[in-house]
Amino acid sequence: MTSRTGAPRIDLHTHSTASDGTFTPVELVRAAGTARLDVLAITDHDTTAGWAAAVDALPPGLRLIRGAELSCRWSGTEPAVPLHLLAYLFDPDHPELVAELARVRAAREDRGERIVALLRADGIDVSWPEILAGADGGTVGRPHIAQALIRAGLVGSTREAFGSDWLGERYRLPKDDIDVFQAVRLVRSAGGVPVFAHPRATRRGRVVPDELITELAAAGLAGLEADHEDHSPAERAHVRGLAADLGLLVTGSSDFHGTHKTVQLGAFTTGVEAYERIVAEGVTEVASG
């Protein structure tokens, strides 16, 4: 592929207000154009709601990979380990996947309401209707609750809200995510390309063993996200080595959330070869501005 700036700049993991980002899909693609990206993936949590608006607003020269970040779990240990699966270029009308994503979004909303009830029981003045309004129809997540805590002056940042005194532990509740093997099967069934998001990010909590990734590769996993702000240099190297051993593609991405995070669009990028493998395997075409 050709680039406007020399080596193509490809960012395959970003979020909009369709889930827990602060940029609308329109603002997101415009910001990607300003950042001189050549390819952007929109990967909101458990939803495709931002796709249409993003495609319609694509600036000239920007290509859009339509995707989603699926909330998954591995039940091989107790308690189960939460993890995320990036799904690219799948059929958004695949009935089984549509139904499962709807179930997970409902579970997210139920968990959010229960977390707010726990906070209020401890005398913390946050409002569930206000949080729902702030999500503006997008998939509700803990970052929306974090914003309510910031507005209430209880924490100074999203990172602090996700600390152990707040949403990271004391007020953290599990949700009913998709079994990761089922998620890989569903994405493949829908013609999509599944990539394990930030698989070695120990700063986020527990990580799964390499043996599980080997099993997922046999089940249809296409790749691993190596270059990510939550991976240390050693963790990035480990992920790259594992991907090489298993014949998996390697991606790099910003995991951009707008003002929820300090990381910027294009902070980490994906190589052309991995991008072309994703395009070749996906059932949905890449949109172009």
# chains A, B, ... in the order shown; residues from 1 in each chain; ligands from 1
$ residues_around --residues "Trp128 (chain A)" --least-positions-apart "2" --cutoff "8 Å" --atoms "only C-alpha atoms" --output "list of chain:residue names"
A:Glu113, A:Val116, A:Val126, A:Glu130, A:Ile131, A:Leu132
$ closest_atom_pairs --of "region 2-79 of chain A" --to "region 138-146 of chain A" --cutoff "7 Å" --atoms "only C-alpha atoms" --output "JSON lines"
{"residue": "A:Thr17", "atom": "CA", "partner": "A:Gly138", "partner_atom": "CA", "distance": 6.0}
{"residue": "A:Ala18", "atom": "CA", "partner": "A:Gly138", "partner_atom": "CA", "distance": 4.2}
{"residue": "A:Ser19", "atom": "CA", "partner": "A:Thr139", "partner_atom": "CA", "distance": 4.3}
{"residue": "A:Asp20", "atom": "CA", "partner": "A:Pro143", "partner_atom": "CA", "distance": 6.2}
{"residue": "A:His45", "atom": "CA", "partner": "A:Thr139", "partner_atom": "CA", "distance": 6.8}
$ atom_distance --atom1 "CA of Val104 (chain A)" --atom2 "CA of Leu186 (chain A)"
13.7 Å
$ residues_around --residues "Ala244 (chain A)" --least-positions-apart "4" --cutoff "12 Å" --atoms "only C-alpha atoms" --output "PyMOL selection string"
chain A and resi 214+217+222-224+226+237-240+248-250
$ residues_around --residues "Asp46 (chain A)" --least-positions-apart "5" --cutoff "6 Å" --atoms "only C-alpha atoms" --output "VMD selection string"
chain A and resid 68 to 70 101
$ write_last_selection --atoms "all heavy atoms" --output "PDB file, in the first residue's frame"
ATOM      1  N   ALA A  68     -14.354  -4.409  16.259  1.00  0.00           N
ATOM      2  CA  ALA A  68     -14.904  -4.297  17.612  1.00  0.00           C
ATOM      3  C   ALA A  68     -13.931  -4.961  18.570  1.00  0.00           C
ATOM      4  O   ALA A  68     -13.114  -5.799  18.169  1.00  0.00           O
ATOM      5  CB  ALA A  68     -16.278  -4.958  17.705  1.00  0.00           C
ATOM      6  N   GLU A  69     -14.002  -4.562  19.828  1.00  0.00           N
ATOM      7  CA  GLU A  69     -13.221  -5.208  20.887  1.00  0.00           C
ATOM      8  C   GLU A  69     -14.191  -5.993  21.755  1.00  0.00           C
ATOM      9  O   GLU A  69     -15.042  -5.408  22.431  1.00  0.00           O
ATOM     10  CB  GLU A  69     -12.450  -4.174  21.713  1.00  0.00           C
ATOM     11  CG  GLU A  69     -11.513  -4.828  22.731  1.00  0.00           C
ATOM     12  CD  GLU A  69     -10.599  -3.827  23.417  1.00  0.00           C
ATOM     13  OE1 GLU A  69     -10.866  -2.612  23.339  1.00  0.00           O
ATOM     14  OE2 GLU A  69      -9.627  -4.266  24.052  1.00  0.00           O
ATOM     15  N   LEU A  70     -14.049  -7.313  21.719  1.00  0.00           N
ATOM     16  CA  LEU A  70     -14.993  -8.189  22.409  1.00  0.00           C
ATOM     17  C   LEU A  70     -14.536  -8.447  23.847  1.00  0.00           C
ATOM     18  O   LEU A  70     -13.357  -8.748  24.094  1.00  0.00           O
ATOM     19  CB  LEU A  70     -15.123  -9.520  21.673  1.00  0.00           C
ATOM     20  CG  LEU A  70     -16.088  -9.578  20.483  1.00  0.00           C
ATOM     21  CD1 LEU A  70     -15.769  -8.515  19.439  1.00  0.00           C
ATOM     22  CD2 LEU A  70     -16.065 -10.963  19.843  1.00  0.00           C
ATOM     23  N   LEU A 101     -23.174 -10.161  21.141  1.00  0.00           N
ATOM     24  CA  LEU A 101     -22.746  -8.806  21.483  1.00  0.00           C
ATOM     25  C   LEU A 101     -23.848  -8.052  22.217  1.00  0.00           C
ATOM     26  O   LEU A 101     -23.570  -7.303  23.163  1.00  0.00           O
ATOM     27  CB  LEU A 101     -22.339  -8.048  20.220  1.00  0.00           C
ATOM     28  CG  LEU A 101     -21.075  -8.544  19.519  1.00  0.00           C
ATOM     29  CD1 LEU A 101     -20.777  -7.693  18.291  1.00  0.00           C
ATOM     30  CD2 LEU A 101     -19.883  -8.566  20.459  1.00  0.00           C
TER      31      LEU A 101
END
$ select_by_dssp --residues "region 131-199 of chain A" --states "strand (DSSP E or B)" --output "ChimeraX atom specification"
/A:178-179,193-196
$ write_last_selection --atoms "N, CA and C atoms" --output "PDB file, in the first residue's frame"
ATOM      1  N   ILE A 178     -17.894 -13.197  27.099  1.00  0.00           N
ATOM      2  CA  ILE A 178     -17.939 -14.332  26.179  1.00  0.00           C
ATOM      3  C   ILE A 178     -16.746 -15.249  26.460  1.00  0.00           C
ATOM      4  N   ASP A 179     -16.980 -16.550  26.511  1.00  0.00           N
ATOM      5  CA  ASP A 179     -15.863 -17.489  26.590  1.00  0.00           C
ATOM      6  C   ASP A 179     -14.941 -17.240  25.402  1.00  0.00           C
ATOM      7  N   VAL A 193     -11.489 -11.475  11.553  1.00  0.00           N
ATOM      8  CA  VAL A 193     -10.101 -11.799  11.885  1.00  0.00           C
ATOM      9  C   VAL A 193      -9.871 -11.477  13.362  1.00  0.00           C
ATOM     10  N   PRO A 194      -9.693 -12.504  14.223  1.00  0.00           N
ATOM     11  CA  PRO A 194      -9.530 -12.260  15.660  1.00  0.00           C
ATOM     12  C   PRO A 194      -8.072 -12.083  16.085  1.00  0.00           C
ATOM     13  N   VAL A 195      -7.819 -11.025  16.850  1.00  0.00           N
ATOM     14  CA  VAL A 195      -6.484 -10.707  17.356  1.00  0.00           C
ATOM     15  C   VAL A 195      -6.585 -10.463  18.862  1.00  0.00           C
ATOM     16  N   PHE A 196      -5.725 -11.092  19.618  1.00  0.00           N
ATOM     17  CA  PHE A 196      -5.723 -10.976  21.084  1.00  0.00           C
ATOM     18  C   PHE A 196      -5.165  -9.604  21.458  1.00  0.00           C
TER      19      PHE A 196
END
$ atom_distance --atom1 "CA of Ser189 (chain A)" --atom2 "CA of Pro174 (chain A)"
27.0 Å
$ residues_around --residues "region 33-41 of chain A" --least-positions-apart "4" --cutoff "6 Å" --atoms "only C-alpha atoms" --output "list in words"
Pro8, Arg9, Ile10, Asp11, Leu12, His13, Leu62, Arg63, Leu64, Ile65 and Arg66 of chain A
$ write_last_selection --atoms "all heavy atoms" --output "mmCIF file, in the first residue's frame"
data_model
loop_
_atom_site.group_PDB
_atom_site.id
_atom_site.type_symbol
_atom_site.label_atom_id
_atom_site.label_comp_id
_atom_site.auth_asym_id
_atom_site.auth_seq_id
_atom_site.Cartn_x
_atom_site.Cartn_y
_atom_site.Cartn_z
ATOM 1 N N PRO A 8 3.723 3.571 5.755
ATOM 2 C CA PRO A 8 2.315 3.696 6.154
ATOM 3 C C PRO A 8 2.155 3.670 7.673
ATOM 4 O O PRO A 8 2.834 2.914 8.377
ATOM 5 C CB PRO A 8 1.661 2.469 5.511
ATOM 6 C CG PRO A 8 2.561 2.108 4.386
ATOM 7 C CD PRO A 8 3.941 2.442 4.847
ATOM 8 N N ARG A 9 1.267 4.512 8.163
ATOM 9 C CA ARG A 9 0.983 4.580 9.596
ATOM 10 C C ARG A 9 -0.394 3.954 9.827
ATOM 11 O O ARG A 9 -1.417 4.484 9.369
ATOM 12 C CB ARG A 9 1.040 6.024 10.100
ATOM 13 C CG ARG A 9 2.395 6.677 9.853
ATOM 14 C CD ARG A 9 2.502 8.028 10.555
ATOM 15 N NE ARG A 9 2.517 7.874 12.007
ATOM 16 C CZ ARG A 9 1.746 8.552 12.851
ATOM 17 N NH1 ARG A 9 0.861 9.421 12.395
ATOM 18 N NH2 ARG A 9 1.838 8.357 14.145
ATOM 19 N N ILE A 10 -0.399 2.831 10.540
ATOM 20 C CA ILE A 10 -1.589 1.991 10.669
ATOM 21 C C ILE A 10 -1.881 1.772 12.151
ATOM 22 O O ILE A 10 -1.086 1.145 12.860
ATOM 23 C CB ILE A 10 -1.359 0.625 9.969
ATOM 24 C CG1 ILE A 10 -1.008 0.842 8.491
ATOM 25 C CG2 ILE A 10 -2.573 -0.270 10.131
ATOM 26 C CD1 ILE A 10 -0.447 -0.404 7.807
ATOM 27 N N ASP A 11 -3.002 2.275 12.629
ATOM 28 C CA ASP A 11 -3.402 2.159 14.037
ATOM 29 C C ASP A 11 -4.680 1.324 14.093
ATOM 30 O O ASP A 11 -5.739 1.749 13.636
ATOM 31 C CB ASP A 11 -3.642 3.549 14.626
ATOM 32 C CG ASP A 11 -3.833 3.541 16.141
ATOM 33 O OD1 ASP A 11 -4.189 2.478 16.692
ATOM 34 O OD2 ASP A 11 -3.636 4.594 16.768
ATOM 35 N N LEU A 12 -4.599 0.131 14.691
ATOM 36 C CA LEU A 12 -5.687 -0.838 14.602
ATOM 37 C C LEU A 12 -6.468 -1.043 15.900
ATOM 38 O O LEU A 12 -7.094 -2.092 16.089
ATOM 39 C CB LEU A 12 -5.144 -2.188 14.105
ATOM 40 C CG LEU A 12 -4.563 -2.194 12.701
ATOM 41 C CD1 LEU A 12 -4.151 -3.604 12.297
ATOM 42 C CD2 LEU A 12 -5.546 -1.611 11.699
ATOM 43 N N HIS A 13 -6.484 -0.053 16.784
ATOM 44 C CA HIS A 13 -7.234 -0.226 18.042
ATOM 45 C C HIS A 13 -7.578 1.153 18.584
ATOM 46 O O HIS A 13 -6.750 1.816 19.206
ATOM 47 C CB HIS A 13 -6.374 -1.022 19.027
ATOM 48 C CG HIS A 13 -7.044 -1.385 20.317
ATOM 49 N ND1 HIS A 13 -6.443 -2.224 21.248
ATOM 50 C CD2 HIS A 13 -8.246 -1.049 20.847
ATOM 51 C CE1 HIS A 13 -7.246 -2.375 22.284
ATOM 52 N NE2 HIS A 13 -8.343 -1.664 22.067
ATOM 53 N N LEU A 62 -7.631 8.376 4.023
ATOM 54 C CA LEU A 62 -7.690 7.506 5.195
ATOM 55 C C LEU A 62 -8.513 6.259 4.895
ATOM 56 O O LEU A 62 -9.623 6.353 4.357
ATOM 57 C CB LEU A 62 -8.300 8.246 6.384
ATOM 58 C CG LEU A 62 -8.400 7.436 7.694
ATOM 59 C CD1 LEU A 62 -7.013 7.111 8.239
ATOM 60 C CD2 LEU A 62 -9.218 8.193 8.753
ATOM 61 N N ARG A 63 -7.979 5.108 5.238
ATOM 62 C CA ARG A 63 -8.698 3.850 5.112
ATOM 63 C C ARG A 63 -9.198 3.423 6.499
ATOM 64 O O ARG A 63 -8.494 3.626 7.492
ATOM 65 C CB ARG A 63 -7.804 2.757 4.526
ATOM 66 C CG ARG A 63 -7.254 3.085 3.150
ATOM 67 C CD ARG A 63 -6.395 1.954 2.618
ATOM 68 N NE ARG A 63 -5.738 2.328 1.375
ATOM 69 C CZ ARG A 63 -4.976 1.497 0.655
ATOM 70 N NH1 ARG A 63 -4.773 0.253 1.086
ATOM 71 N NH2 ARG A 63 -4.404 1.905 -0.461
ATOM 72 N N LEU A 64 -10.396 2.828 6.531
ATOM 73 C CA LEU A 64 -11.001 2.442 7.800
ATOM 74 C C LEU A 64 -11.221 0.935 7.857
ATOM 75 O O LEU A 64 -11.889 0.360 6.992
ATOM 76 C CB LEU A 64 -12.340 3.148 8.001
ATOM 77 C CG LEU A 64 -13.015 2.874 9.352
ATOM 78 C CD1 LEU A 64 -12.279 3.604 10.479
ATOM 79 C CD2 LEU A 64 -14.486 3.284 9.328
ATOM 80 N N ILE A 65 -10.656 0.322 8.891
ATOM 81 C CA ILE A 65 -10.934 -1.076 9.219
ATOM 82 C C ILE A 65 -12.067 -1.080 10.234
ATOM 83 O O ILE A 65 -11.936 -0.532 11.335
ATOM 84 C CB ILE A 65 -9.697 -1.762 9.842
ATOM 85 C CG1 ILE A 65 -8.558 -1.836 8.838
ATOM 86 C CG2 ILE A 65 -10.053 -3.127 10.401
ATOM 87 C CD1 ILE A 65 -8.613 -2.991 7.893
ATOM 88 N N ARG A 66 -13.170 -1.696 9.873
ATOM 89 C CA ARG A 66 -14.294 -1.772 10.806
ATOM 90 C C ARG A 66 -14.106 -2.981 11.717
ATOM 91 O O ARG A 66 -13.871 -4.095 11.234
ATOM 92 C CB ARG A 66 -15.610 -1.857 10.032
ATOM 93 C CG ARG A 66 -16.034 -0.520 9.450
ATOM 94 C CD ARG A 66 -17.048 -0.647 8.353
ATOM 95 N NE ARG A 66 -16.410 -1.038 7.094
ATOM 96 C CZ ARG A 66 -16.990 -0.955 5.902
ATOM 97 N NH1 ARG A 66 -18.222 -0.496 5.802
ATOM 98 N NH2 ARG A 66 -16.341 -1.330 4.809
#
$ select_by_dssp --residues "region 82-125 of chain A" --states "alpha helix (DSSP H)" --output "PyMOL selection string"
chain A and resi 95-121
$ closest_residue --among "A:Gly163, A:Gly67, A:Gly282, A:Pro95" --to "His15 (chain A)" --atoms "only C-alpha atoms"
A:Gly67
$ residues_around --residues "Trp166 (chain A)" --least-positions-apart "6" --cutoff "12 Å" --atoms "only C-alpha atoms" --output "number ranges by chain"
A: 115-116, 118-119, 122, 124, 142-143, 145-146, 149-150, 154-155, 157-160, 172-173
$ write_last_selection --atoms "all heavy atoms" --output "compact mmCIF listing (two decimals), in the first residue's frame"
# COMPACT_ATOMS: atom_id res chain seq x y z
N ILE A 115 -22.59 -1.48 40.23
CA ILE A 115 -21.44 -0.76 40.80
C ILE A 115 -21.89 0.57 41.39
O ILE A 115 -21.49 0.96 42.49
CB ILE A 115 -20.36 -0.54 39.72
CG1 ILE A 115 -19.68 -1.86 39.37
CG2 ILE A 115 -19.31 0.48 40.21
CD1 ILE A 115 -18.72 -1.76 38.20
N VAL A 116 -22.75 1.28 40.66
CA VAL A 116 -23.26 2.56 41.16
C VAL A 116 -24.05 2.35 42.45
O VAL A 116 -23.95 3.15 43.39
CB VAL A 116 -24.10 3.26 40.09
CG1 VAL A 116 -24.85 4.45 40.68
CG2 VAL A 116 -23.21 3.73 38.94
N LEU A 118 -23.49 0.08 44.69
CA LEU A 118 -22.49 -0.12 45.76
C LEU A 118 -21.89 1.21 46.20
O LEU A 118 -21.71 1.46 47.40
CB LEU A 118 -21.38 -1.05 45.26
CG LEU A 118 -21.73 -2.53 45.05
CD1 LEU A 118 -20.53 -3.27 44.49
CD2 LEU A 118 -22.19 -3.17 46.36
N LEU A 119 -21.57 2.05 45.24
CA LEU A 119 -21.02 3.37 45.57
C LEU A 119 -22.01 4.19 46.39
O LEU A 119 -21.65 4.80 47.41
CB LEU A 119 -20.66 4.11 44.28
CG LEU A 119 -19.44 3.60 43.51
CD1 LEU A 119 -19.45 4.13 42.07
CD2 LEU A 119 -18.15 4.01 44.21
N ASP A 122 -22.37 3.34 49.98
CA ASP A 122 -21.28 3.86 50.81
C ASP A 122 -21.32 5.38 50.92
O ASP A 122 -20.35 6.01 51.35
CB ASP A 122 -19.93 3.42 50.24
CG ASP A 122 -19.61 1.97 50.58
OD1 ASP A 122 -20.35 1.37 51.39
OD2 ASP A 122 -18.63 1.43 50.03
N ILE A 124 -21.56 7.61 48.44
CA ILE A 124 -20.90 8.32 47.34
C ILE A 124 -21.97 8.78 46.36
O ILE A 124 -22.72 7.98 45.80
CB ILE A 124 -19.86 7.41 46.66
CG1 ILE A 124 -18.77 7.04 47.67
CG2 ILE A 124 -19.25 8.09 45.43
CD1 ILE A 124 -17.92 5.87 47.27
N ARG A 142 -16.94 0.98 32.74
CA ARG A 142 -16.42 1.61 33.95
C ARG A 142 -15.85 3.01 33.69
O ARG A 142 -15.92 3.86 34.59
CB ARG A 142 -15.36 0.71 34.59
CG ARG A 142 -15.95 -0.51 35.29
CD ARG A 142 -14.88 -1.33 35.96
NE ARG A 142 -13.91 -1.83 34.98
CZ ARG A 142 -12.67 -2.20 35.29
NH1 ARG A 142 -12.23 -2.10 36.53
NH2 ARG A 142 -11.87 -2.66 34.34
N PRO A 143 -15.29 3.31 32.50
CA PRO A 143 -14.83 4.68 32.27
C PRO A 143 -15.93 5.73 32.41
O PRO A 143 -15.65 6.86 32.82
CB PRO A 143 -14.29 4.64 30.83
CG PRO A 143 -13.83 3.23 30.67
CD PRO A 143 -14.85 2.41 31.40
N ILE A 145 -18.36 5.55 34.61
CA ILE A 145 -18.49 5.72 36.05
C ILE A 145 -17.30 6.53 36.57
O ILE A 145 -17.44 7.39 37.45
CB ILE A 145 -18.59 4.36 36.77
CG1 ILE A 145 -19.79 3.57 36.23
CG2 ILE A 145 -18.71 4.55 38.28
CD1 ILE A 145 -19.88 2.16 36.78
N ALA A 146 -16.13 6.27 36.00
CA ALA A 146 -14.93 7.04 36.38
C ALA A 146 -15.15 8.53 36.14
O ALA A 146 -14.77 9.37 36.97
CB ALA A 146 -13.71 6.55 35.61
N LEU A 149 -17.12 9.99 38.91
CA LEU A 149 -16.30 10.19 40.10
C LEU A 149 -15.43 11.43 39.96
O LEU A 149 -15.22 12.16 40.93
CB LEU A 149 -15.44 8.95 40.35
CG LEU A 149 -16.18 7.66 40.71
CD1 LEU A 149 -15.21 6.48 40.74
CD2 LEU A 149 -16.89 7.80 42.05
N ILE A 150 -14.93 11.67 38.74
CA ILE A 150 -14.12 12.88 38.50
C ILE A 150 -14.99 14.13 38.65
O ILE A 150 -14.59 15.10 39.31
CB ILE A 150 -13.48 12.82 37.10
CG1 ILE A 150 -12.43 11.71 37.04
CG2 ILE A 150 -12.85 14.17 36.74
CD1 ILE A 150 -11.91 11.42 35.64
N LEU A 154 -14.09 13.35 43.45
CA LEU A 154 -13.62 12.27 44.31
C LEU A 154 -12.28 11.70 43.85
O LEU A 154 -11.52 11.15 44.65
CB LEU A 154 -14.66 11.16 44.37
CG LEU A 154 -15.99 11.59 45.01
CD1 LEU A 154 -17.09 10.58 44.71
CD2 LEU A 154 -15.80 11.74 46.52
N VAL A 155 -12.00 11.80 42.57
CA VAL A 155 -10.72 11.38 42.02
C VAL A 155 -10.29 12.43 41.01
O VAL A 155 -11.11 13.21 40.51
CB VAL A 155 -10.79 9.99 41.34
CG1 VAL A 155 -11.16 8.90 42.34
CG2 VAL A 155 -11.79 10.00 40.18
N SER A 157 -8.42 11.67 38.11
CA SER A 157 -8.18 11.16 36.76
C SER A 157 -8.83 9.79 36.60
O SER A 157 -9.19 9.12 37.58
CB SER A 157 -6.67 11.03 36.50
OG SER A 157 -6.12 10.04 37.36
N THR A 158 -8.95 9.37 35.34
CA THR A 158 -9.46 8.02 35.07
C THR A 158 -8.53 6.97 35.67
O THR A 158 -9.00 5.97 36.22
CB THR A 158 -9.59 7.80 33.54
OG1 THR A 158 -10.49 8.77 33.00
CG2 THR A 158 -10.11 6.41 33.24
N ARG A 159 -7.23 7.19 35.58
CA ARG A 159 -6.28 6.23 36.15
C ARG A 159 -6.51 6.08 37.65
O ARG A 159 -6.49 4.96 38.18
CB ARG A 159 -4.84 6.68 35.87
CG ARG A 159 -3.79 5.72 36.39
CD ARG A 159 -2.40 6.17 36.00
NE ARG A 159 -2.20 6.10 34.57
CZ ARG A 159 -1.82 5.00 33.93
NH1 ARG A 159 -1.62 3.88 34.61
NH2 ARG A 159 -1.64 5.02 32.63
N GLU A 160 -6.74 7.19 38.36
CA GLU A 160 -6.99 7.11 39.80
C GLU A 160 -8.32 6.39 40.07
O GLU A 160 -8.42 5.59 41.01
CB GLU A 160 -7.03 8.51 40.41
CG GLU A 160 -7.20 8.49 41.94
CD GLU A 160 -7.24 9.87 42.55
OE1 GLU A 160 -7.00 10.87 41.82
OE2 GLU A 160 -7.51 9.97 43.77
N ARG A 172 -15.20 -3.13 42.09
CA ARG A 172 -15.14 -3.87 40.82
C ARG A 172 -16.02 -5.11 40.93
O ARG A 172 -15.93 -5.86 41.90
CB ARG A 172 -13.71 -4.28 40.49
CG ARG A 172 -13.61 -5.01 39.15
CD ARG A 172 -12.19 -5.14 38.67
NE ARG A 172 -12.13 -5.67 37.31
CZ ARG A 172 -11.05 -5.67 36.56
NH1 ARG A 172 -9.93 -5.15 37.03
NH2 ARG A 172 -11.07 -6.16 35.35
N LEU A 173 -16.86 -5.31 39.93
CA LEU A 173 -17.72 -6.48 39.87
C LEU A 173 -17.47 -7.21 38.54
O LEU A 173 -17.19 -6.57 37.52
CB LEU A 173 -19.20 -6.08 39.94
CG LEU A 173 -19.68 -5.47 41.26
CD1 LEU A 173 -21.14 -5.03 41.11
CD2 LEU A 173 -19.55 -6.47 42.40
$ residues_around --residues "region 261-265 of chain A" --least-positions-apart "3" --cutoff "7 Å" --atoms "only C-alpha atoms" --output "ChimeraX atom specification"
/A:32,35,254,256-258
$ write_last_selection --atoms "all heavy atoms" --output "PDB file, in the first residue's frame"
ATOM      1  N   ALA A  32      -7.790  11.228  13.126  1.00  0.00           N
ATOM      2  CA  ALA A  32      -6.845  10.314  12.477  1.00  0.00           C
ATOM      3  C   ALA A  32      -6.272  10.941  11.219  1.00  0.00           C
ATOM      4  O   ALA A  32      -5.078  10.782  10.909  1.00  0.00           O
ATOM      5  CB  ALA A  32      -7.543   8.999  12.145  1.00  0.00           C
ATOM      6  N   ALA A  35      -3.746  13.429  12.264  1.00  0.00           N
ATOM      7  CA  ALA A  35      -2.545  12.744  12.758  1.00  0.00           C
ATOM      8  C   ALA A  35      -1.759  12.075  11.636  1.00  0.00           C
ATOM      9  O   ALA A  35      -0.745  11.420  11.901  1.00  0.00           O
ATOM     10  CB  ALA A  35      -2.937  11.706  13.808  1.00  0.00           C
ATOM     11  N   SER A 254      -2.657   2.157  19.316  1.00  0.00           N
ATOM     12  CA  SER A 254      -2.675   3.134  20.401  1.00  0.00           C
ATOM     13  C   SER A 254      -3.663   2.778  21.503  1.00  0.00           C
ATOM     14  O   SER A 254      -3.482   3.157  22.651  1.00  0.00           O
ATOM     15  CB  SER A 254      -3.026   4.518  19.853  1.00  0.00           C
ATOM     16  OG  SER A 254      -4.351   4.538  19.329  1.00  0.00           O
ATOM     17  N   PHE A 256      -6.531   4.133  21.576  1.00  0.00           N
ATOM     18  CA  PHE A 256      -6.905   5.520  21.819  1.00  0.00           C
ATOM     19  C   PHE A 256      -8.331   5.621  22.369  1.00  0.00           C
ATOM     20  O   PHE A 256      -9.255   5.005  21.847  1.00  0.00           O
ATOM     21  CB  PHE A 256      -6.803   6.292  20.504  1.00  0.00           C
ATOM     22  CG  PHE A 256      -7.166   7.749  20.573  1.00  0.00           C
ATOM     23  CD1 PHE A 256      -6.310   8.665  21.152  1.00  0.00           C
ATOM     24  CD2 PHE A 256      -8.362   8.201  20.035  1.00  0.00           C
ATOM     25  CE1 PHE A 256      -6.629  10.014  21.192  1.00  0.00           C
ATOM     26  CE2 PHE A 256      -8.692   9.542  20.063  1.00  0.00           C
ATOM     27  CZ  PHE A 256      -7.825  10.453  20.653  1.00  0.00           C
ATOM     28  N   HIS A 257      -8.493   6.398  23.441  1.00  0.00           N
ATOM     29  CA  HIS A 257      -9.803   6.636  24.052  1.00  0.00           C
ATOM     30  C   HIS A 257     -10.121   8.133  24.150  1.00  0.00           C
ATOM     31  O   HIS A 257     -10.989   8.524  24.930  1.00  0.00           O
ATOM     32  CB  HIS A 257      -9.864   6.041  25.461  1.00  0.00           C
ATOM     33  CG  HIS A 257     -10.090   4.565  25.507  1.00  0.00           C
ATOM     34  ND1 HIS A 257      -9.150   3.640  25.112  1.00  0.00           N
ATOM     35  CD2 HIS A 257     -11.171   3.837  25.921  1.00  0.00           C
ATOM     36  CE1 HIS A 257      -9.625   2.416  25.283  1.00  0.00           C
ATOM     37  NE2 HIS A 257     -10.844   2.509  25.761  1.00  0.00           N
ATOM     38  N   GLY A 258      -9.411   8.973  23.407  1.00  0.00           N
ATOM     39  CA  GLY A 258      -9.623  10.402  23.552  1.00  0.00           C
ATOM     40  C   GLY A 258      -9.017  10.904  24.844  1.00  0.00           C
ATOM     41  O   GLY A 258      -7.917  10.511  25.227  1.00  0.00           O
TER      42      GLY A 258
END
$ closest_residue --among "A:Pro92, A:Gly61, A:Gly21, A:Gly289" --to "Thr48 (chain A)" --atoms "only C-alpha atoms"
A:Pro92
